[in-house]
Amino acid sequence: MDKQVFNIMNLDLYYGKFQALKNINLIIEKNKVTALIGPSGCGKSTFLRVLNRMNDLIDDCHISGEVYFHQEDIYREKFDVIDLRTRVGMVFQKPNPFPMNIYDNVAYGPRCQGIKDKDELDKIVDNALKSAALYDEVSNRLKESALSLSGGQQQRLCIARAIAMEPEVILMDEPTSALDPIATLKIEELINDLKEKYTIIIVTHSMQQAARISDNTAFFLTGEIVEMDLTNKIFTTPKNQKTEDYITGRFG
Amino acid sequence: MSMLNKRKRIDFLYQGITYFASSISLIALAMIFYFVWSNGSGLLNLDLITKDYHAQYYNGELDENSPFSTMERPIELDENVFYSEKYGLGVSDGIDREGNPIILVVYVSSDSPLRKMQDRNSEQIISLEEDMLISKVSFNDKATALRTFGAKYMIDELDSAVDFREMVFTSIGGGIRGSIITTLYLIGMTMLVALPIGVFTAIYLNEFAKKNRMTNILRILVDTLSGVPSIIYGLMGLAVFVPLTIRTTSATSGNLISGSLTLAIILLPVIIKSTEESLKVVPDGLRQASLALGANETQTTFKVVLPSSIPGILTASLLGIGRIIGESAALIFAIGTAVKDDISITGKSTSLAVHIWSMMTDEPANIELSSTIAVIILMIVLILNIVVKFISKKLMKPLA
Ligand SMILES: Nc1ncnc2c1ncn2[C@@H]1O[C@H](COP(=O)(O)OP(=O)(O)OP(=O)(O)O)[C@@H](O)[C@H]1O
Ligand SMILES: [Mg+2]
């Protein structure tokens with residue numbers, strides 16, 4: 001098995017005339033947590049959406065360059081986007097459970113793929129909730145509305161929902177920014193557990209978080225990757241002055 | 001200090017304006033209820049909504065074979081009811097809406113020969129029932145008992161004569177059962193057509209349509225059509241749907257189908273617009289979450305977006321139903337104004353609103369009955385409101 005999950009080469013991305021990503025070159029390694037850091041508006045979310053082609057939803061967004069998922073260029077013509085999204089899951093900044101009960105939320109993805117068998121779905125839901133460390137809290141209220149959960153529980157439900165698809169990669173866009181410290185801690189622990197099975201790419205504004213949970217870190221600035229390295233190198237001996245300024249909080 | 005005072009004054013002024021405006025609204029709306037209720041509540045009773053509009057006249061004679069037996073006066077009959085043991089008939093005096101005396105049938109025994117009379121015109125068996133009016137009874141051997149002579153006289157004459165030659169009686173009429181049924185039919189049939197078409201159009205516009213000329217034109221049409229006076233739709237109904245239904249069904253004139261189709265066109269812009277509004281407020285985050293899970297657009301729309309917008313669609317339906325109940329101008333053309341008791345979807349009939357219209361154009365205008373119908377319309381709308389609220393609560397429960 002190859003160790004490169006994503007290989008991004010010479011990626012440029014434009015919103016209309018505005019260039020949001022400039023000449024991005026990056027390799028995402030398997031079963032590692034990669035953190036994307038950088039000031040607001042530097043293109044972290046944009047980059048994340050490149051990887052599961054969620055930018056397709058934005059009308060005037062177009063890209064050039066190559067993005068390989070394993071050996072496959074995901075931007076070639078006739079590429080199966082739906083299939084990509086079942087293999088590359090996403091967790092959003094704001095918890096966004098569907099207005100359905102907890103069970104149906106987790107079973108949503110598999111059902112969309114045509115899985116109808118009750119026992120099979122039960123098993124998927126149970127496993128996903130266990131993997132997301134939510135099972136104990138909700139196992140006796142699976143038929144209750146997902147919106148009745150707390151914010152932290154909702155976010156873990158969204159993670160469970162993504163896990164239920166058994167993806168290879170999970171993209172997380174500031175998954176803890178709407179949560180309190182305890183809920184944040186729970187999710188960080190969860191990410192640590194998940195990395196055995198999944199490749200995780202996480203956008204975060206918290207330097208501590210990036211340092212705590214990630215193996216690799218990429219520092220973005222105005223659409224470019226300034227520096228990309230092992231996390232402890234970035235945080236102890238950054239090569240670039242701008243990186244140092246940013247992680248030490250000296251950055252405007 | 002003066003800054004603060006000024007702010008306070010402005011605050012007071014603006015709050016005063018909102019207070020004033022809502023008082024006026026309250027008064028205006030309450031006045032409608034008061035007007036309708038004070039004029040119309042007098043006639044309000046169950047008979048009105050269960051009975052036919054047109055009075056039926058009957059000429060009955062006794063069937064020679066029907067046996068006579070003495071039928072005892074039931075104890076529950078009121079004191080002022082005059083009772084004939086021979087016929088098992090109880091009648092009382094009354095006056096009709098024009099102030100003329102009438103004889104009202106209060107009780108007819110189930111064994112009474114009056115239950116099985118021969119119709120002198122059609123040879124059919126006809127039955128005298130409670131709540132009918134007896135106009136006169138003609139005898140072979142004595143003078144006719146007219147209603148103007150009163151109930152007591154009629155009973156005395158019936159008891160003292162051997163038999164009678166002819167009894168003329170009428171059902172009361174003036175009921176609005178037919179118009180209520182028509183209105184319900186119109187609601188059902190119109191919604192059946194307009195709701196799916198409207199909802200799917202809105203889904204297309206909001207979820208699937210690319211911005212192109214066709215969708216632009218559609219939007220402009222929707223916006224324009226919602227402002228067109230309904231009488232123009234009525235003309236279209238008359239020009240298109242009436243001939244169409246005459247050609248394709250057994251209808252021979254304006255009918256419930258042509259009326260419903262016309263109403264459906266009137267409702268389309270309403271339903272499209274409000275469904276679109278409710279689709280717009282579904283958070284984009286939900287669509288993205290669904291797509292990111294590998295659902296396609298259709299799955300996203302029908303499994304996530306549409307369920308979340310059900311309350312909005314129900315509100316749209318309610319607006320639509322209100323429009324159907326309230327519409328008169330278009331229906332006058334598209335169905336006609338004939339008040340009917342036997343309702344068929346390919347026949348003429350009137351909705352409650354048109355019923356009011358036709359009574360108010362009669363000479364003299366029947367304000368009282370019109371107001372009563374208005375009360376009934378208000379009650380129907382109220383009930384529908386409650387039902388829709390209830391349904392939407394039930395549906396939203398798993399979502400809350
Ligand atoms: N849909 C869009 N249309 C046009 N421009 C966009 C769109 N989304 C993002 N941008 C622009 O692209 C740039 C990068 O945005 P992006 O959301 O990727 O930043 P970010 O690094 O995720 O910021 P934050 O940390 O605040 O989330 C910004 O300048 C933003 O204004
Ligand atoms: Mg972002």
# chains A, B, ... in the order shown; residues from 1 in each chain; ligands from 1

$ residues_around --residues "Ile325 of chain B" --least-positions-apart "5" --cutoff "8 Å" --atoms "only C-alpha atoms" --output "number ranges by chain"
B: 183, 187, 351-353, 377

$ residues_near_ligand --ligand "ligand 1" --cutoff "7 Å" --atoms "only C-alpha atoms and all ligand atoms" --output "list in words"
Tyr15, Ala20, Gly38, Pro39, Ser40, Gly41, Cys42, Gly43, Lys44, Ser45, Thr46, Phe47, Ile58 and His205 of chain A

$ closest_residue --among "A:Phe79, A:Tyr103, A:Phe92, A:Phe6" --to "ligand 2" --atoms "only C-alpha atoms and all ligand atoms"
A:Phe92

$ residues_around --residues "Leu306 of chain B" --least-positions-apart "2" --cutoff "10 Å" --atoms "only C-alpha atoms" --output "mmCIF file with N, CA and C atoms, in the first residue's frame"
data_model
loop_
_atom_site.group_PDB
_atom_site.id
_atom_site.type_symbol
_atom_site.label_atom_id
_atom_site.label_comp_id
_atom_site.auth_asym_id
_atom_site.auth_seq_id
_atom_site.Cartn_x
_atom_site.Cartn_y
_atom_site.Cartn_z
ATOM 1 N N VAL B 199 -44.905 22.601 -5.564
ATOM 2 C CA VAL B 199 -43.755 22.219 -4.744
ATOM 3 C C VAL B 199 -42.594 21.761 -5.632
ATOM 4 N N ILE B 203 -38.907 23.353 -6.010
ATOM 5 C CA ILE B 203 -37.692 22.555 -5.809
ATOM 6 C C ILE B 203 -36.770 22.715 -7.009
ATOM 7 N N THR B 275 -43.139 28.035 -1.046
ATOM 8 C CA THR B 275 -42.276 26.864 -0.912
ATOM 9 C C THR B 275 -40.824 27.255 -1.132
ATOM 10 N N SER B 278 -39.426 28.780 1.872
ATOM 11 C CA SER B 278 -39.105 27.838 2.942
ATOM 12 C C SER B 278 -37.904 26.975 2.568
ATOM 13 N N LEU B 279 -37.656 26.789 1.272
ATOM 14 C CA LEU B 279 -36.450 26.053 0.872
ATOM 15 C C LEU B 279 -35.215 26.906 1.100
ATOM 16 N N VAL B 282 -33.637 26.762 4.552
ATOM 17 C CA VAL B 282 -32.962 25.535 4.990
ATOM 18 C C VAL B 282 -31.459 25.794 4.936
ATOM 19 N N THR B 300 -30.193 14.477 -1.499
ATOM 20 C CA THR B 300 -30.088 15.618 -0.606
ATOM 21 C C THR B 300 -31.399 16.393 -0.555
ATOM 22 N N THR B 301 -31.958 16.636 -1.730
ATOM 23 C CA THR B 301 -33.183 17.425 -1.784
ATOM 24 C C THR B 301 -34.340 16.731 -1.087
ATOM 25 N N PHE B 302 -34.526 15.454 -1.403
ATOM 26 C CA PHE B 302 -35.740 14.812 -0.904
ATOM 27 C C PHE B 302 -35.594 14.227 0.495
ATOM 28 N N LYS B 303 -34.354 13.943 0.921
ATOM 29 C CA LYS B 303 -34.210 13.369 2.258
ATOM 30 C C LYS B 303 -33.903 14.427 3.303
ATOM 31 N N VAL B 304 -33.275 15.519 2.893
ATOM 32 C CA VAL B 304 -32.858 16.504 3.896
ATOM 33 C C VAL B 304 -33.581 17.835 3.735
ATOM 34 N N SER B 308 -37.143 19.404 5.892
ATOM 35 C CA SER B 308 -36.963 20.577 6.743
ATOM 36 C C SER B 308 -37.885 21.713 6.345
ATOM 37 N N SER B 309 -38.395 21.676 5.126
ATOM 38 C CA SER B 309 -39.213 22.808 4.703
ATOM 39 C C SER B 309 -40.700 22.486 4.760
ATOM 40 N N ILE B 310 -41.029 21.359 5.364
ATOM 41 C CA ILE B 310 -42.449 20.971 5.430
ATOM 42 C C ILE B 310 -43.330 22.008 6.134
ATOM 43 N N PRO B 311 -42.878 22.583 7.255
ATOM 44 C CA PRO B 311 -43.740 23.587 7.867
ATOM 45 C C PRO B 311 -44.061 24.730 6.901
ATOM 46 N N GLY B 312 -43.048 25.140 6.135
ATOM 47 C CA GLY B 312 -43.272 26.206 5.162
ATOM 48 C C GLY B 312 -44.261 25.777 4.093
ATOM 49 N N ILE B 313 -44.147 24.540 3.652
ATOM 50 C CA ILE B 313 -45.055 24.053 2.620
ATOM 51 C C ILE B 313 -46.477 23.956 3.179
#

$ select_by_dssp --residues "segment 82-297 of chain B" --states "strand (DSSP E)" --output "PyMOL selection string"
chain B and resi 82-84+89-95+101-108+117-119+125-126+133-138+145-146+166-170

$ write_last_selection --atoms "C-alpha atoms" --output "tab-separated table (two decimals), in the first residue's frame"
chain	number	residue	atom	x	y	z
B	82	PHE	CA	-100.78	19.55	18.54
B	83	TYR	CA	-100.98	15.83	18.15
B	84	SER	CA	-103.17	13.46	16.15
B	89	LEU	CA	-98.47	13.35	13.76
B	90	GLY	CA	-97.32	16.25	15.92
B	91	VAL	CA	-97.24	19.78	14.49
B	92	SER	CA	-96.67	23.25	15.88
B	93	ASP	CA	-97.18	26.83	14.71
B	94	GLY	CA	-94.35	29.00	13.58
B	95	ILE	CA	-93.45	31.86	11.29
B	101	PRO	CA	-97.41	31.59	9.49
B	102	ILE	CA	-96.20	28.06	8.91
B	103	ILE	CA	-97.06	24.65	10.27
B	104	LEU	CA	-93.99	22.76	11.29
B	105	VAL	CA	-93.89	18.99	11.56
B	106	VAL	CA	-92.41	18.16	14.95
B	107	TYR	CA	-93.06	14.45	15.15
B	108	VAL	CA	-94.16	11.67	12.81
B	117	MET	CA	-97.84	8.29	0.99
B	118	GLN	CA	-98.28	8.13	-2.73
B	119	ASP	CA	-96.87	11.04	-4.69
B	125	ILE	CA	-93.68	6.60	-2.24
B	126	ILE	CA	-93.00	9.75	-0.29
B	133	LEU	CA	-93.75	22.19	6.57
B	134	ILE	CA	-97.38	21.31	5.81
B	135	SER	CA	-98.99	23.88	3.52
B	136	LYS	CA	-102.45	22.42	3.30
B	137	VAL	CA	-104.58	19.31	3.62
B	138	SER	CA	-107.53	18.83	1.24
B	145	ALA	CA	-107.23	23.06	6.03
B	146	LEU	CA	-104.75	25.79	5.11
B	166	GLU	CA	-104.17	15.45	-0.67
B	167	MET	CA	-101.48	16.74	1.65
B	168	VAL	CA	-99.11	19.42	0.32
B	169	PHE	CA	-95.88	19.70	2.23
B	170	THR	CA	-92.36	21.01	1.68

$ atom_distance --atom1 "atom CA of Phe98 of chain A" --atom2 "atom CA of Gly294 of chain B"
14.6 Å

$ interface_residues --of "chain B" --to "chain A" --cutoff "8 Å" --atoms "only C-alpha atoms" --output "short mmCIF file (atom, residue, chain, number, x, y, z; two decimals) with C-alpha atoms, in the first residue's frame"
data_model
loop_
_atom_site.label_atom_id
_atom_site.label_comp_id
_atom_site.auth_asym_id
_atom_site.auth_seq_id
_atom_site.Cartn_x
_atom_site.Cartn_y
_atom_site.Cartn_z
CA GLY B 285 -24.80 23.47 5.98
CA LEU B 286 -27.34 20.67 5.76
CA GLN B 288 -23.24 20.39 2.25
CA ALA B 289 -23.27 17.79 5.00
CA SER B 290 -25.43 15.55 2.86
CA LEU B 291 -23.34 15.98 -0.28
CA ALA B 292 -20.14 15.47 1.69
CA LEU B 293 -21.53 12.10 2.78
CA GLY B 294 -21.75 10.99 -0.81
CA ALA B 295 -25.45 11.67 -1.30
CA ASN B 296 -26.39 12.97 -4.71
CA GLN B 299 -31.16 12.41 -2.28
CA VAL B 304 -32.86 16.50 3.90
CA SER B 308 -36.96 20.58 6.74
CA PRO B 398 -38.72 14.26 15.22
CA LEU B 399 -36.96 17.34 13.90
CA ALA B 400 -37.27 19.60 16.91
#

$ select_by_dssp --residues "segment 139-299 of chain B" --states "helix (DSSP H, G or I)" --output "PDB file with C-alpha atoms, in the first residue's frame"
ATOM      1  CA  ARG B 147    -101.612  26.603   7.019  1.00  0.00           C
ATOM      2  CA  THR B 148    -102.992  30.064   7.724  1.00  0.00           C
ATOM      3  CA  PHE B 149    -105.655  28.519   9.948  1.00  0.00           C
ATOM      4  CA  ALA B 151    -101.809  23.887  13.608  1.00  0.00           C
ATOM      5  CA  LYS B 152    -104.652  23.158  15.991  1.00  0.00           C
ATOM      6  CA  TYR B 153    -107.259  23.557  13.274  1.00  0.00           C
ATOM      7  CA  MET B 154    -105.358  21.251  10.949  1.00  0.00           C
ATOM      8  CA  ILE B 155    -105.052  18.490  13.560  1.00  0.00           C
ATOM      9  CA  ASP B 156    -108.755  18.790  14.500  1.00  0.00           C
ATOM     10  CA  GLU B 157    -109.785  18.546  10.864  1.00  0.00           C
ATOM     11  CA  LEU B 158    -107.483  15.550  10.257  1.00  0.00           C
ATOM     12  CA  ASP B 159    -108.917  13.747  13.278  1.00  0.00           C
ATOM     13  CA  SER B 160    -112.544  14.437  12.415  1.00  0.00           C
ATOM     14  CA  ARG B 177     -74.930  21.637   2.526  1.00  0.00           C
ATOM     15  CA  GLY B 178     -74.368  21.667  -1.225  1.00  0.00           C
ATOM     16  CA  SER B 179     -72.158  24.724  -1.145  1.00  0.00           C
ATOM     17  CA  ILE B 180     -70.138  23.346   1.746  1.00  0.00           C
ATOM     18  CA  ILE B 181     -69.553  20.103  -0.138  1.00  0.00           C
ATOM     19  CA  THR B 182     -68.619  22.044  -3.261  1.00  0.00           C
ATOM     20  CA  THR B 183     -66.138  24.095  -1.272  1.00  0.00           C
ATOM     21  CA  LEU B 184     -64.568  20.975   0.220  1.00  0.00           C
ATOM     22  CA  TYR B 185     -64.382  19.355  -3.212  1.00  0.00           C
ATOM     23  CA  LEU B 186     -62.722  22.463  -4.604  1.00  0.00           C
ATOM     24  CA  ILE B 187     -60.166  22.487  -1.800  1.00  0.00           C
ATOM     25  CA  GLY B 188     -59.348  18.811  -2.288  1.00  0.00           C
ATOM     26  CA  MET B 189     -59.165  18.803  -6.062  1.00  0.00           C
ATOM     27  CA  THR B 190     -57.325  22.102  -6.341  1.00  0.00           C
ATOM     28  CA  MET B 191     -54.695  21.155  -3.804  1.00  0.00           C
ATOM     29  CA  LEU B 192     -54.293  17.778  -5.459  1.00  0.00           C
ATOM     30  CA  VAL B 193     -53.262  19.563  -8.637  1.00  0.00           C
ATOM     31  CA  ALA B 194     -51.552  22.693  -7.363  1.00  0.00           C
ATOM     32  CA  LEU B 195     -49.549  21.368  -4.429  1.00  0.00           C
ATOM     33  CA  PRO B 196     -47.382  18.784  -6.205  1.00  0.00           C
ATOM     34  CA  ILE B 197     -46.841  20.954  -9.257  1.00  0.00           C
ATOM     35  CA  GLY B 198     -46.066  24.011  -7.146  1.00  0.00           C
ATOM     36  CA  VAL B 199     -43.755  22.219  -4.744  1.00  0.00           C
ATOM     37  CA  PHE B 200     -41.827  20.475  -7.496  1.00  0.00           C
ATOM     38  CA  THR B 201     -41.481  23.691  -9.462  1.00  0.00           C
ATOM     39  CA  ALA B 202     -40.123  25.416  -6.374  1.00  0.00           C
ATOM     40  CA  ILE B 203     -37.692  22.555  -5.809  1.00  0.00           C
ATOM     41  CA  TYR B 204     -36.552  22.810  -9.390  1.00  0.00           C
ATOM     42  CA  LEU B 205     -36.072  26.568  -9.160  1.00  0.00           C
ATOM     43  CA  ASN B 206     -34.314  26.559  -5.823  1.00  0.00           C
ATOM     44  CA  GLU B 207     -32.329  23.324  -5.856  1.00  0.00           C
ATOM     45  CA  PHE B 208     -31.610  22.191  -9.382  1.00  0.00           C
ATOM     46  CA  ARG B 213     -33.142  32.141 -19.511  1.00  0.00           C
ATOM     47  CA  MET B 214     -35.837  29.548 -18.906  1.00  0.00           C
ATOM     48  CA  THR B 215     -35.606  29.814 -15.113  1.00  0.00           C
ATOM     49  CA  ASN B 216     -35.503  33.594 -15.369  1.00  0.00           C
ATOM     50  CA  ILE B 217     -38.689  33.626 -17.383  1.00  0.00           C
ATOM     51  CA  LEU B 218     -40.286  31.210 -14.951  1.00  0.00           C
ATOM     52  CA  ARG B 219     -39.429  33.458 -12.024  1.00  0.00           C
ATOM     53  CA  ILE B 220     -40.755  36.541 -13.734  1.00  0.00           C
ATOM     54  CA  LEU B 221     -43.963  34.690 -14.574  1.00  0.00           C
ATOM     55  CA  VAL B 222     -44.387  33.539 -11.012  1.00  0.00           C
ATOM     56  CA  ASP B 223     -43.875  37.056  -9.674  1.00  0.00           C
ATOM     57  CA  THR B 224     -46.205  38.619 -12.201  1.00  0.00           C
ATOM     58  CA  LEU B 225     -48.939  36.029 -11.952  1.00  0.00           C
ATOM     59  CA  SER B 230     -58.338  36.565 -10.160  1.00  0.00           C
ATOM     60  CA  ILE B 231     -61.159  37.517 -12.503  1.00  0.00           C
ATOM     61  CA  ILE B 232     -58.651  37.198 -15.334  1.00  0.00           C
ATOM     62  CA  TYR B 233     -57.943  33.643 -14.281  1.00  0.00           C
ATOM     63  CA  GLY B 234     -61.698  33.151 -14.323  1.00  0.00           C
ATOM     64  CA  LEU B 235     -61.840  34.291 -17.936  1.00  0.00           C
ATOM     65  CA  MET B 236     -59.090  31.842 -18.740  1.00  0.00           C
ATOM     66  CA  GLY B 237     -60.999  29.107 -16.984  1.00  0.00           C
ATOM     67  CA  LEU B 238     -64.019  29.937 -19.058  1.00  0.00           C
ATOM     68  CA  ALA B 239     -62.041  30.048 -22.274  1.00  0.00           C
ATOM     69  CA  VAL B 240     -59.845  27.008 -21.709  1.00  0.00           C
ATOM     70  CA  PHE B 241     -60.870  24.703 -18.906  1.00  0.00           C
ATOM     71  CA  VAL B 242     -64.628  24.812 -19.408  1.00  0.00           C
ATOM     72  CA  PRO B 243     -64.444  23.744 -23.082  1.00  0.00           C
ATOM     73  CA  LEU B 244     -61.711  21.263 -22.222  1.00  0.00           C
ATOM     74  CA  THR B 245     -63.789  19.560 -19.548  1.00  0.00           C
ATOM     75  CA  ILE B 246     -66.882  19.620 -21.702  1.00  0.00           C
ATOM     76  CA  ARG B 247     -64.954  17.832 -24.396  1.00  0.00           C
ATOM     77  CA  THR B 248     -63.294  15.263 -22.178  1.00  0.00           C
ATOM     78  CA  LEU B 256     -66.087  21.523 -10.450  1.00  0.00           C
ATOM     79  CA  ILE B 257     -63.175  20.231 -12.510  1.00  0.00           C
ATOM     80  CA  SER B 258     -62.863  23.402 -14.565  1.00  0.00           C
ATOM     81  CA  GLY B 259     -63.215  25.412 -11.344  1.00  0.00           C
ATOM     82  CA  SER B 260     -60.528  23.431  -9.568  1.00  0.00           C
ATOM     83  CA  LEU B 261     -58.127  23.708 -12.476  1.00  0.00           C
ATOM     84  CA  THR B 262     -58.674  27.458 -12.587  1.00  0.00           C
ATOM     85  CA  LEU B 263     -58.072  27.741  -8.864  1.00  0.00           C
ATOM     86  CA  ALA B 264     -55.004  25.545  -9.191  1.00  0.00           C
ATOM     87  CA  ILE B 265     -53.513  28.049 -11.637  1.00  0.00           C
ATOM     88  CA  ILE B 266     -54.310  30.885  -9.237  1.00  0.00           C
ATOM     89  CA  LEU B 267     -52.577  29.009  -6.433  1.00  0.00           C
ATOM     90  CA  LEU B 268     -49.468  27.996  -8.352  1.00  0.00           C
ATOM     91  CA  PRO B 269     -47.563  31.257  -7.850  1.00  0.00           C
ATOM     92  CA  VAL B 270     -48.570  31.362  -4.183  1.00  0.00           C
ATOM     93  CA  ILE B 271     -47.382  27.837  -3.554  1.00  0.00           C
ATOM     94  CA  ILE B 272     -44.230  28.169  -5.634  1.00  0.00           C
ATOM     95  CA  LYS B 273     -43.214  31.363  -3.882  1.00  0.00           C
ATOM     96  CA  SER B 274     -43.810  30.276  -0.336  1.00  0.00           C
ATOM     97  CA  THR B 275     -42.276  26.864  -0.912  1.00  0.00           C
ATOM     98  CA  GLU B 276     -39.229  28.553  -2.377  1.00  0.00           C
ATOM     99  CA  GLU B 277     -39.037  30.831   0.643  1.00  0.00           C
ATOM    100  CA  SER B 278     -39.105  27.838   2.942  1.00  0.00           C
ATOM    101  CA  LEU B 279     -36.450  26.053   0.872  1.00  0.00           C
ATOM    102  CA  LYS B 280     -34.243  29.125   1.028  1.00  0.00           C
ATOM    103  CA  ASP B 284     -26.769  25.378   3.384  1.00  0.00           C
ATOM    104  CA  GLY B 285     -24.797  23.469   5.978  1.00  0.00           C
ATOM    105  CA  LEU B 286     -27.337  20.666   5.763  1.00  0.00           C
ATOM    106  CA  ARG B 287     -27.036  20.415   1.986  1.00  0.00           C
ATOM    107  CA  GLN B 288     -23.244  20.393   2.250  1.00  0.00           C
ATOM    108  CA  ALA B 289     -23.274  17.792   4.996  1.00  0.00           C
ATOM    109  CA  SER B 290     -25.431  15.555   2.859  1.00  0.00           C
ATOM    110  CA  LEU B 291     -23.339  15.981  -0.277  1.00  0.00           C
ATOM    111  CA  ALA B 292     -20.137  15.466   1.693  1.00  0.00           C
ATOM    112  CA  GLU B 297     -28.458  16.092  -5.298  1.00  0.00           C
ATOM    113  CA  THR B 298     -31.753  14.256  -5.526  1.00  0.00           C
ATOM    114  CA  GLN B 299     -31.160  12.409  -2.285  1.00  0.00           C
TER     115      GLN B 299
END
